[in-house]
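K.L.:
Pasting data_17.txt below, which is compact mmCIF, C-alpha atoms and all ligand atoms.
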```txt
# COMPACT_ATOMS: atom_id res chain seq x y z
CA MET B 1112 -8.35 23.50 -20.78
CA ASN B 1113 -11.50 21.53 -20.18
CA ILE B 1114 -11.62 17.99 -21.35
CA ALA B 1115 -15.15 16.76 -21.85
CA VAL B 1116 -15.51 13.44 -20.17
CA ALA B 1117 -18.39 11.32 -21.30
CA PRO B 1118 -20.20 9.30 -18.62
CA TYR B 1119 -17.73 7.02 -16.92
CA ARG B 1120 -18.70 3.45 -17.64
CA LYS B 1121 -17.92 0.98 -14.92
CA ILE B 1122 -18.14 -2.74 -15.16
CA ALA B 1123 -18.95 -4.48 -11.89
CA PRO B 1124 -15.88 -6.36 -10.68
CA SER B 1125 -16.40 -10.00 -11.41
CA GLU B 1126 -16.28 -12.17 -8.31
CA ALA B 1127 -15.00 -14.99 -10.51
CA ALA B 1128 -12.02 -12.89 -11.45
CA TYR B 1129 -11.24 -12.37 -7.77
CA SER B 1130 -11.62 -15.94 -6.58
CA GLN B 1131 -9.74 -17.31 -9.57
CA LYS B 1132 -6.67 -15.42 -8.39
CA THR B 1133 -7.06 -15.88 -4.66
CA SER B 1134 -5.39 -18.84 -3.02
CA PRO B 1135 -6.85 -20.21 0.24
CA ARG B 1136 -6.68 -17.70 3.08
CA PRO B 1137 -3.98 -18.27 5.71
CA PRO B 1138 -5.12 -18.24 9.36
CA LEU B 1139 -6.35 -15.00 10.89
CA HIS B 1140 -3.63 -13.20 12.86
CA LEU B 1141 -4.89 -9.75 13.84
CA ARG B 1142 -8.47 -8.58 14.06
CA LEU B 1143 -9.77 -5.10 14.77
CA GLU B 1144 -13.39 -5.08 15.87
CA GLY B 1145 -15.10 -1.70 15.94
CA VAL B 1146 -11.92 0.08 17.00
CA SER B 1147 -12.24 3.78 17.74
CA LYS B 1148 -9.66 6.14 19.19
CA THR B 1149 -10.47 9.56 20.57
CA TYR B 1150 -7.75 11.87 21.83
CA VAL B 1151 -8.88 14.37 24.43
CA SER B 1152 -6.72 17.33 25.36
CA GLY B 1153 -8.51 19.99 27.38
CA GLN B 1154 -11.68 20.95 25.51
CA ARG B 1155 -10.41 19.42 22.28
CA ARG B 1156 -11.50 15.96 21.14
CA VAL B 1157 -10.06 14.33 18.05
CA GLU B 1158 -11.69 11.21 16.70
CA ALA B 1159 -8.58 9.68 15.15
CA LEU B 1160 -10.13 6.26 14.46
CA LYS B 1161 -13.81 5.56 13.84
CA ASP B 1162 -15.23 2.05 14.06
CA ILE B 1163 -12.45 0.22 12.24
CA ASN B 1164 -13.13 -3.43 11.38
CA LEU B 1165 -10.19 -5.23 9.83
CA ASP B 1166 -8.68 -8.71 9.54
CA ILE B 1167 -5.00 -9.30 8.87
CA TYR B 1168 -3.83 -12.81 8.01
CA GLN B 1169 -0.77 -14.74 9.04
CA GLY B 1170 2.27 -14.04 6.88
CA GLU B 1171 0.77 -11.27 4.77
CA ILE B 1172 2.31 -7.86 4.18
CA PHE B 1173 -0.50 -5.46 4.91
CA GLY B 1174 -0.24 -1.79 4.00
CA ILE B 1175 -2.14 1.17 5.43
CA ILE B 1176 -2.34 4.42 3.50
CA GLY B 1177 -4.25 7.65 3.90
CA ARG B 1178 -3.79 11.38 3.78
CA SER B 1179 -1.89 13.14 6.54
CA GLY B 1180 -3.95 12.98 9.74
CA ALA B 1181 -6.15 10.12 8.46
CA GLY B 1182 -5.26 7.95 11.49
CA LYS B 1183 -2.50 5.63 10.17
CA SER B 1184 -0.14 6.05 13.13
CA SER B 1185 -2.99 5.81 15.61
CA LEU B 1186 -4.09 2.55 14.00
CA ILE B 1187 -0.68 0.89 13.89
CA ARG B 1188 -0.01 1.96 17.49
CA THR B 1189 -3.17 0.27 18.75
CA LEU B 1190 -1.74 -3.06 17.52
CA ASN B 1191 0.96 -3.15 20.20
CA ARG B 1192 -0.91 -0.97 22.68
CA LEU B 1193 1.37 2.01 22.31
CA GLU B 1194 -2.12 3.52 22.14
CA ASP B 1195 -5.17 1.94 23.72
CA ALA B 1196 -8.33 1.85 21.63
CA THR B 1197 -11.05 4.01 23.18
CA THR B 1198 -13.71 1.49 22.18
CA GLY B 1199 -13.62 -1.79 20.31
CA LYS B 1200 -11.23 -4.70 20.43
CA VAL B 1201 -7.83 -5.59 18.99
CA LEU B 1202 -7.44 -9.37 18.87
CA ILE B 1203 -4.12 -11.09 18.22
CA ASN B 1204 -4.45 -14.82 17.66
CA GLY B 1205 -7.93 -14.42 19.10
CA VAL B 1206 -6.78 -12.75 22.35
CA ASP B 1207 -8.17 -9.32 23.21
CA ILE B 1208 -4.99 -7.34 23.92
CA GLN B 1209 -6.89 -4.72 25.97
CA SER B 1210 -7.50 -7.42 28.55
CA LEU B 1211 -3.79 -8.13 29.14
CA ASP B 1212 -2.25 -7.28 32.52
CA THR B 1213 1.26 -5.80 32.81
CA GLY B 1214 2.91 -9.21 32.44
CA GLY B 1215 0.77 -10.04 29.44
CA LEU B 1216 1.59 -6.69 27.86
CA VAL B 1217 5.34 -7.33 28.21
CA ILE B 1218 4.91 -10.67 26.45
CA LEU B 1219 2.75 -9.06 23.74
CA ARG B 1220 5.43 -6.44 23.01
CA ARG B 1221 8.03 -9.18 22.62
CA ARG B 1222 5.87 -10.79 19.97
CA ILE B 1223 5.64 -7.54 18.03
CA GLY B 1224 8.73 -5.83 16.60
CA MET B 1225 8.55 -2.27 15.32
CA ILE B 1226 10.70 -0.14 13.04
CA PHE B 1227 10.49 3.62 12.64
CA GLN B 1228 11.09 6.35 10.08
CA HIS B 1229 13.99 7.85 12.05
CA PHE B 1230 15.34 4.48 13.20
CA ASN B 1231 15.24 5.40 16.94
CA LEU B 1232 18.75 4.06 17.64
CA LEU B 1233 20.62 5.06 20.77
CA SER B 1234 23.45 7.22 19.40
CA SER B 1235 25.68 6.72 22.47
CA ALA B 1236 25.54 2.94 22.08
CA THR B 1237 27.24 0.67 19.54
CA VAL B 1238 25.27 -1.43 17.09
CA PHE B 1239 25.68 -4.43 19.37
CA GLU B 1240 24.53 -2.48 22.43
CA ASN B 1241 21.50 -1.25 20.50
CA LEU B 1242 20.64 -4.80 19.55
CA ALA B 1243 21.15 -6.04 23.09
CA LEU B 1244 18.65 -3.55 24.54
CA PRO B 1245 15.43 -5.49 23.86
CA LEU B 1246 16.92 -8.69 25.26
CA LYS B 1247 18.19 -6.93 28.38
CA ALA B 1248 14.79 -5.27 28.83
CA ALA B 1249 13.25 -8.73 28.59
CA GLY B 1250 15.49 -9.88 31.45
CA ILE B 1251 17.87 -11.95 29.33
CA ARG B 1252 21.38 -11.57 30.78
CA ASP B 1253 23.22 -14.40 29.03
CA LYS B 1254 25.90 -12.41 27.16
CA LYS B 1255 26.88 -15.29 24.90
CA ARG B 1256 23.28 -15.79 23.83
CA ILE B 1257 22.80 -12.08 23.20
CA ARG B 1258 25.98 -11.84 21.10
CA GLN B 1259 25.06 -14.94 19.14
CA ARG B 1260 21.59 -13.59 18.37
CA ALA B 1261 23.00 -10.17 17.41
CA GLN B 1262 25.53 -11.75 15.04
CA GLU B 1263 22.87 -13.96 13.48
CA LEU B 1264 20.63 -10.98 12.77
CA LEU B 1265 23.44 -8.72 11.56
CA ARG B 1266 24.22 -11.45 9.05
CA LEU B 1267 20.56 -11.58 8.03
CA VAL B 1268 20.36 -7.81 7.46
CA GLY B 1269 23.74 -7.65 5.68
CA LEU B 1270 25.72 -5.87 8.40
CA GLU B 1271 28.07 -8.61 9.49
CA GLY B 1272 31.05 -7.28 11.44
CA LYS B 1273 29.41 -3.92 12.34
CA GLU B 1274 28.82 -4.82 16.02
CA ASP B 1275 31.18 -2.23 17.45
CA VAL B 1276 30.30 0.66 15.17
CA TYR B 1277 28.33 3.65 16.49
CA PRO B 1278 25.15 4.66 14.59
CA SER B 1279 26.69 8.02 13.57
CA ARG B 1280 29.13 6.08 11.36
CA LEU B 1281 26.31 4.32 9.48
CA SER B 1282 24.31 5.42 6.42
CA GLY B 1283 20.51 5.82 6.66
CA GLY B 1284 19.97 2.44 5.05
CA GLN B 1285 22.43 0.77 7.42
CA LYS B 1286 20.72 2.42 10.39
CA GLN B 1287 17.38 1.04 9.25
CA ARG B 1288 18.98 -2.41 8.90
CA VAL B 1289 20.08 -2.13 12.52
CA GLY B 1290 16.52 -1.04 13.37
CA ILE B 1291 15.19 -4.15 11.63
CA ALA B 1292 17.71 -6.42 13.37
CA ARG B 1293 16.76 -4.87 16.73
CA ALA B 1294 13.07 -5.41 16.02
CA LEU B 1295 13.80 -9.10 15.37
CA MET B 1296 15.96 -9.75 18.43
CA LEU B 1297 13.10 -11.26 20.43
CA ASP B 1298 11.95 -13.41 17.53
CA PRO B 1299 8.60 -11.63 17.02
CA GLU B 1300 5.69 -12.92 14.96
CA ILE B 1301 4.55 -9.48 13.81
CA LEU B 1302 6.62 -6.62 12.41
CA LEU B 1303 5.14 -3.12 12.43
CA CYS B 1304 6.77 -0.62 10.05
CA ASP B 1305 6.03 3.05 10.68
CA GLU B 1306 7.11 4.95 7.53
CA ALA B 1307 10.23 2.75 7.54
CA THR B 1308 11.59 4.00 4.20
CA SER B 1309 10.37 7.60 4.21
CA ALA B 1310 13.77 9.00 5.24
CA LEU B 1311 15.68 6.98 2.65
CA ASP B 1312 16.71 7.63 -0.94
CA PRO B 1313 15.01 5.57 -3.69
CA GLU B 1314 17.85 3.05 -4.08
CA THR B 1315 18.15 2.44 -0.33
CA THR B 1316 14.35 2.20 -0.12
CA GLN B 1317 14.49 -0.65 -2.65
CA SER B 1318 17.07 -2.54 -0.63
CA ILE B 1319 15.13 -2.13 2.63
CA LEU B 1320 11.90 -3.23 0.94
CA SER B 1321 13.67 -6.32 -0.42
CA LEU B 1322 14.94 -7.05 3.07
CA ILE B 1323 11.46 -6.70 4.62
CA LYS B 1324 10.07 -9.01 1.94
CA GLU B 1325 12.83 -11.55 2.55
CA ILE B 1326 12.25 -11.47 6.31
CA ASN B 1327 8.52 -11.86 5.75
CA LYS B 1328 9.17 -14.97 3.66
CA THR B 1329 11.99 -16.62 5.58
CA LEU B 1330 10.78 -15.86 9.13
CA LYS B 1331 7.07 -16.09 8.18
CA LEU B 1332 6.36 -12.78 9.88
CA THR B 1333 3.12 -10.88 9.48
CA VAL B 1334 4.09 -7.35 8.43
CA VAL B 1335 1.87 -4.29 8.90
CA LEU B 1336 3.21 -1.09 7.43
CA ILE B 1337 2.08 2.48 7.11
CA THR B 1338 3.51 4.70 4.43
CA HIS B 1339 2.79 7.73 2.33
CA GLU B 1340 4.78 6.21 -0.54
CA MET B 1341 2.36 4.45 -2.88
CA SER B 1342 5.24 2.67 -4.62
CA VAL B 1343 6.06 0.90 -1.33
CA ILE B 1344 2.55 -0.54 -1.28
CA SER B 1345 2.63 -1.64 -4.91
CA GLN B 1346 6.03 -3.27 -4.49
CA ILE B 1347 5.64 -5.37 -1.39
CA CYS B 1348 2.13 -5.39 0.05
CA ASP B 1349 -0.42 -8.14 -0.48
CA ARG B 1350 -3.41 -6.08 0.67
CA VAL B 1351 -3.94 -2.46 1.49
CA ALA B 1352 -6.36 -0.47 3.65
CA VAL B 1353 -7.13 3.16 2.93
CA LEU B 1354 -8.02 5.40 5.86
CA GLU B 1355 -9.88 8.65 5.42
CA ASP B 1356 -10.66 10.94 8.33
CA GLY B 1357 -10.28 8.05 10.80
CA ALA B 1358 -12.58 5.65 8.94
CA LEU B 1359 -11.80 2.69 6.72
CA ALA B 1360 -12.47 3.95 3.20
CA GLU B 1361 -11.32 1.01 1.12
CA LEU B 1362 -9.70 -2.38 1.59
CA GLY B 1363 -8.53 -5.08 -0.78
CA PRO B 1364 -5.70 -6.74 -2.67
CA VAL B 1365 -3.23 -4.14 -3.92
CA TRP B 1366 -3.87 -4.93 -7.58
CA ARG B 1367 -7.61 -4.30 -7.10
CA VAL B 1368 -7.35 -1.14 -4.99
CA PHE B 1369 -4.61 0.36 -7.18
CA GLY B 1370 -6.15 -0.83 -10.44
CA ARG B 1371 -9.69 0.28 -9.63
CA PRO B 1372 -9.63 2.77 -6.76
CA GLU B 1373 -13.24 3.29 -5.70
CA HIS B 1374 -13.07 5.84 -2.90
CA GLU B 1375 -12.28 9.47 -3.64
CA ALA B 1376 -9.46 9.41 -1.05
CA THR B 1377 -7.79 6.46 -2.79
CA GLN B 1378 -8.16 8.11 -6.17
CA ALA B 1379 -6.53 11.26 -4.81
CA LEU B 1380 -3.64 9.32 -3.27
CA LEU B 1381 -3.02 7.44 -6.51
CA ALA B 1382 -3.52 10.40 -8.87
CA PRO B 1383 0.20 11.25 -9.05
CA LEU B 1384 0.89 7.74 -10.38
CA LYS B 1385 -1.56 8.09 -13.28
CA PRO B 1386 -0.06 8.93 -16.66
CA LYS B 1387 -1.13 12.37 -17.89
CA VAL B 1388 -2.54 12.88 -21.35
CA ALA B 1389 0.18 14.65 -23.36
CA ASP B 1390 -0.49 18.39 -23.74
CA ASP B 1391 -0.67 18.37 -27.53
CA ILE B 1392 -3.29 15.62 -27.48
CA ALA B 1393 -5.29 17.22 -24.64
CA GLN B 1394 -5.35 20.57 -26.45
CA ALA B 1395 -6.75 19.01 -29.63
CA ILE B 1396 -9.72 17.41 -27.85
CA SER B 1397 -13.21 18.93 -28.00
CA ALA B 1398 -16.44 17.76 -26.42
CA THR B 1399 -18.22 17.14 -29.71
CA PRO B 1400 -16.95 16.02 -33.15
CA ALA B 1401 -15.87 19.03 -35.28
CA ASN B 1402 -16.63 17.22 -38.56
CA SER B 1403 -16.94 13.75 -40.10
CA THR B 1404 -13.18 13.12 -39.89
CA SER B 1405 -13.17 13.61 -36.10
CA ARG B 1406 -12.02 10.57 -34.16
CA ALA B 1407 -13.03 9.63 -30.65
CA ILE B 1408 -10.24 9.83 -28.08
CA VAL B 1409 -10.73 7.01 -25.62
CA LYS B 1410 -8.91 5.71 -22.56
CA LEU B 1411 -9.06 1.97 -22.03
CA PHE B 1412 -8.21 0.84 -18.52
CA PHE B 1413 -6.91 -2.57 -17.57
CA ASP B 1414 -6.94 -3.56 -13.91
CA GLY B 1415 -6.82 -7.33 -14.16
CA THR B 1416 -10.47 -7.94 -13.28
CA ALA B 1417 -11.43 -8.44 -16.91
CA ALA B 1418 -8.55 -9.94 -18.89
CA THR B 1419 -5.44 -11.57 -17.50
CA TYR B 1420 -3.51 -10.42 -20.54
CA LEU B 1421 -4.14 -7.90 -23.23
CA PRO B 1422 -4.99 -9.46 -26.65
CA LEU B 1423 -4.17 -6.45 -28.82
CA GLY B 1424 -5.10 -8.16 -32.09
CA ILE B 1425 -8.55 -9.12 -30.84
CA LEU B 1426 -9.05 -5.69 -29.31
CA SER B 1427 -8.26 -3.98 -32.58
CA GLN B 1428 -10.39 -6.42 -34.57
CA ARG B 1429 -13.46 -5.88 -32.38
CA LEU B 1430 -12.99 -2.14 -32.60
CA GLY B 1431 -13.10 -2.35 -36.37
CA GLY B 1432 -9.38 -2.50 -37.16
CA ASP B 1433 -8.75 1.26 -37.37
CA LEU B 1434 -7.39 1.65 -33.85
CA ARG B 1435 -4.64 4.24 -33.41
CA LEU B 1436 -2.48 4.11 -30.32
CA LEU B 1437 -1.73 7.56 -28.90
CA GLN B 1438 -0.19 6.69 -25.53
CA SER B 1439 0.19 3.54 -23.49
CA GLY B 1440 1.38 2.31 -20.15
CA ILE B 1441 0.63 -1.24 -19.09
CA GLY B 1442 2.44 -3.03 -16.31
CA ARG B 1443 1.60 -5.93 -14.02
CA LEU B 1444 0.75 -5.87 -10.34
CA GLN B 1445 0.48 -9.13 -8.41
CA GLY B 1446 0.12 -10.92 -11.74
CA HIS B 1447 -2.68 -8.66 -13.02
CA PRO B 1448 -2.33 -6.27 -15.96
CA GLN B 1449 -2.55 -2.68 -14.81
CA GLY B 1450 -2.56 0.46 -16.85
CA GLU B 1451 -4.23 2.23 -19.69
CA LEU B 1452 -4.16 2.75 -23.43
CA LEU B 1453 -5.08 6.06 -24.99
CA VAL B 1454 -6.44 5.36 -28.46
CA SER B 1455 -8.34 7.11 -31.20
CA LEU B 1456 -11.24 5.45 -33.03
CA PRO B 1457 -13.07 6.51 -36.21
CA TYR B 1458 -16.50 6.53 -34.54
CA GLN B 1459 -18.82 9.07 -33.05
CA GLN B 1460 -21.57 8.99 -30.43
CA HIS B 1461 -23.94 6.03 -30.93
CA GLU B 1462 -21.63 3.95 -33.12
CA LEU B 1463 -18.80 4.54 -30.68
CA ALA B 1464 -20.89 3.26 -27.77
CA GLN B 1465 -21.79 0.13 -29.76
CA ARG B 1466 -18.17 -0.59 -30.64
CA LEU B 1467 -17.00 -0.11 -27.06
CA GLU B 1468 -19.65 -2.59 -25.89
CA THR B 1469 -17.84 -5.32 -27.82
CA ILE B 1470 -14.70 -5.11 -25.65
CA ASN B 1471 -16.44 -5.40 -22.27
CA ASP B 1472 -14.77 -8.69 -21.49
CA LEU B 1473 -11.27 -7.46 -22.36
CA ILE B 1474 -11.01 -4.25 -20.42
CA SER B 1475 -12.29 -2.96 -17.11
CA THR B 1476 -13.24 0.65 -17.76
CA VAL B 1477 -13.66 2.99 -20.70
CA GLU B 1478 -13.44 6.75 -20.58
CA VAL B 1479 -14.29 8.82 -23.64
CA LEU B 1480 -12.29 12.04 -23.43
CA GLY B 1481 -13.87 13.66 -26.48
CA TYR B 1482 -13.07 14.06 -30.17
CA ALA B 1483 -10.18 15.32 -32.22
CA VAL B 1484 -9.55 15.86 -35.91
CA PRO B 1485 -6.38 13.96 -36.84
CA ALA B 1486 -3.53 16.20 -37.99
CA ASN B 1487 -3.38 14.45 -41.37
CA ALA B 1488 -7.17 14.54 -42.04
N1 LIG X 1501 -1.47 12.21 21.06
C1 LIG X 1501 -2.39 12.89 20.37
N2 LIG X 1501 -3.15 13.80 20.97
C2 LIG X 1501 -4.12 14.49 20.31
N3 LIG X 1501 -4.38 14.31 18.98
C3 LIG X 1501 -3.63 13.40 18.33
C4 LIG X 1501 -2.61 12.64 18.98
N4 LIG X 1501 -2.04 11.82 18.06
C5 LIG X 1501 -2.69 12.05 16.89
N5 LIG X 1501 -3.64 13.00 17.06
C6 LIG X 1501 -4.58 13.48 16.02
O1 LIG X 1501 -5.28 12.35 15.51
C7 LIG X 1501 -5.47 12.46 14.12
C8 LIG X 1501 -4.85 11.26 13.43
O2 LIG X 1501 -3.43 11.34 13.63
P1 LIG X 1501 -2.43 10.20 13.13
O3 LIG X 1501 -1.06 10.63 13.54
O4 LIG X 1501 -2.92 8.89 13.57
O5 LIG X 1501 -2.61 10.33 11.53
P2 LIG X 1501 -1.62 9.88 10.38
O6 LIG X 1501 -2.49 9.38 9.28
O7 LIG X 1501 -0.60 8.94 10.91
O8 LIG X 1501 -0.96 11.25 9.96
P3 LIG X 1501 0.51 11.52 9.30
O9 LIG X 1501 0.51 10.87 7.94
O10 LIG X 1501 0.54 13.02 9.17
O11 LIG X 1501 1.53 10.98 10.23
C9 LIG X 1501 -4.85 13.79 13.71
O12 LIG X 1501 -5.88 14.76 13.67
C10 LIG X 1501 -3.88 14.10 14.83
O13 LIG X 1501 -3.71 15.48 14.99
```
How would this structure read if it were set down as structure tokens?
Ligand SMILES: Nc1ncnc2c1ncn2[C@@H]1O[C@H](COP(=O)(O)OP(=O)(O)OP(=O)(O)O)[C@@H](O)[C@H]1O

P.N.:
Amino acid sequence: MNIAVAPYRKIAPSEAAYSQKTSPRPPLHLRLEGVSKTYVSGQRRVEALKDINLDIYQGEIFGIIGRSGAGKSSLIRTLNRLEDATTGKVLINGVDIQSLDTGGLVILRRRIGMIFQHFNLLSSATVFENLALPLKAAGIRDKKRIRQRAQELLRLVGLEGKEDVYPSRLSGGQKQRVGIARALMLDPEILLCDEATSALDPETTQSILSLIKEINKTLKLTVVLITHEMSVISQICDRVAVLEDGALAELGPVWRVFGRPEHEATQALLAPLKPKVADDIAQAISATPANSTSRAIVKLFFDGTAATYLPLGILSQRLGGDLRLLQSGIGRLQGHPQGELLVSLPYQQHELAQRLETINDLISTVEVLGYAVPANA
């Protein structure tokens, strides 16, 4: 059925609301300046990244989302030069990584650990041997030092005593823990996560996300992750970038981007998370009031830019007291209320608009779905 949607009323995000919540910025860690990446194979050219400008700060967990083929992998791979940018610069601590020679590149890769969706463990090697690989590749031969470091990290990731086990004897979550330990062997300052939880069940995903968060805090690592799981972003990321067709579509704190997605690509990615209007309610809604008993059906959105909490009493009072709650779902993201209320109000057209004006400071967006005659009218 069609639901008539009255003009969508947007309130400009208040800068005060942003700054009030934002603590001083940590130092800049990674900077992408006009980064583009074009793949050429034969006659075919694919512009995977188009003029990306992005700053990532020390110690933040930065998420990158986008539809399949949007350029997420290409972007994350330019950060450790698994891919070279075609044009533009990637700066780490102010150093242009394109300018590094072979020696410089080896050092860069030591400073950046990476974990992968399918763990990329050597199946013919034990956990210890897998962990030893990056140190051996870095020319470290001191066996005692390698064992000590491996044991330290296995403790950190909760796999103490698993040194001599082969990956085939480990669960997916345990394999990813080994992947994380291996990524940390050279004491990196940046951790790149390429769909690190996509092959894991929901419970294991939670435990790996907690581990990444803990590592981020205790080791003060900057974490950059790409994922197609929006819940991963909402659970652990500080900021998120949305890529669309190789370009940066949207960027901001997770609560802002998830609470008030502005770009069509972001809205599409987040659509599955939005609560649906129950069928019986949706079917009762018409574009215009059927008679004088018709009530307006209105969605009130909260994204934390307007009110830091939801004063229900005041809301009801300003809306005239006869506010009926049809559906609700309000949570908190990074300390900001997020969600929506579906309510019915005893007003129509002009009077409705006037009443809704009075709650501007309490809510971020209003959407009038239409009108319905209450069942008991
Ligand atoms: N090595 C390559 N050679 C040619 N084209 C490539 C190469 N790698 C990626 N592409 C193309 O570049 C575009 C972006 O790909 P990329 O893998 O970066 O996107 P993505 O957002 O990570 O996608 P997905 O979510 O499906 O993994 C796609 O059109 C892809 O086909």

K.L.:
Counting all atoms listed in the file, which of B:Leu1281, B:Ile1187, B:Ile1474, B:Leu1362 gets nearest to Ile1425 in chain B?

P.N.:
B:Ile1474

K.L.:
Step by step, gather every atom of range 1454-1466 of chain B that the file lists, find the box along x, y and z that holds them, add 8 Å on each side, and finally give centre and edge lengths in Å to one decimal, as AutoDock Vina command-line options.

P.N.:
```
--center_x -15.2 --center_y 4.2 --center_z -32.0 --size_x 33.5 --size_y 25.7 --size_z 24.4
```

K.L.:
Would you mind listing, for every residue of chain B within 7 Å of ligand LIG 1501 (chain X), the two atoms forming the shortest contact and the distance between them in Å to one decimal, using all atoms listed in the file, sorted by chain and ascending residue number, as CSV?

P.N.:
```
residue,atom,partner,partner_atom,distance
B:Tyr1150,CA,X:LIG1501,C2,4.7
B:Val1151,CA,X:LIG1501,C2,6.3
B:Ser1152,CA,X:LIG1501,C2,6.4
B:Val1157,CA,X:LIG1501,N3,5.8
B:Glu1158,CA,X:LIG1501,O1,6.6
B:Ala1159,CA,X:LIG1501,O1,4.3
B:Gly1177,CA,X:LIG1501,O6,5.9
B:Arg1178,CA,X:LIG1501,O6,6.0
B:Ser1179,CA,X:LIG1501,O10,3.6
B:Gly1180,CA,X:LIG1501,O8,3.5
B:Ala1181,CA,X:LIG1501,O6,3.8
B:Gly1182,CA,X:LIG1501,O4,3.3
B:Lys1183,CA,X:LIG1501,O6,3.9
B:Ser1184,CA,X:LIG1501,O7,3.7
B:Ser1185,CA,X:LIG1501,O4,3.7
B:Leu1186,CA,X:LIG1501,O4,6.5
B:His1339,CA,X:LIG1501,O9,6.8
B:Gly1357,CA,X:LIG1501,C8,6.8
```

K.L.:
Give me the residues near range 1221-1231 of chain B as a list of chain:residue names, where near means some atom within 6 Å (using only C-alpha atoms) and where sequence neighbours in that chain fewer than 3 positions away do not count.

P.N.:
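Here the answer would be B:Ile1218, B:Gln1287, B:Gly1290, B:Ala1294, B:Leu1297, B:Pro1299, B:Glu1300, B:Ile1301, B:Leu1302, B:Leu1303, B:Cys1304, B:Asp1305, B:Glu1306, B:Ala1307.
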
K.L.:
Go through B:Leu1322, B:Ala1486, B:Leu1444, B:Leu1267 one by one, measure the shortest atom-to-atom distance of each to Pro1364 in chain B using only C-alpha atoms, and give the residue with the smallest value.

P.N.:
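Smallest distance to Pro1364 in chain B is found for B:Leu1444.
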
K.L.:
Between B:Thr1419, B:Gln1428, B:Gln1445, B:Thr1149, which has the minimum distance to Cys1348 in chain B (counting all atoms listed in the file)?

P.N.:
B:Gln1445

K.L.:
Excluding range 1414-1417 of chain B and residues on its chain fewer than 4 positions from it, collect all residues at most 6 Å away from it, counting all atoms listed in the file, and give them as a PyMOL selection string.

P.N.:
chain B and resi 1128+1370+1447-1449+1472-1475
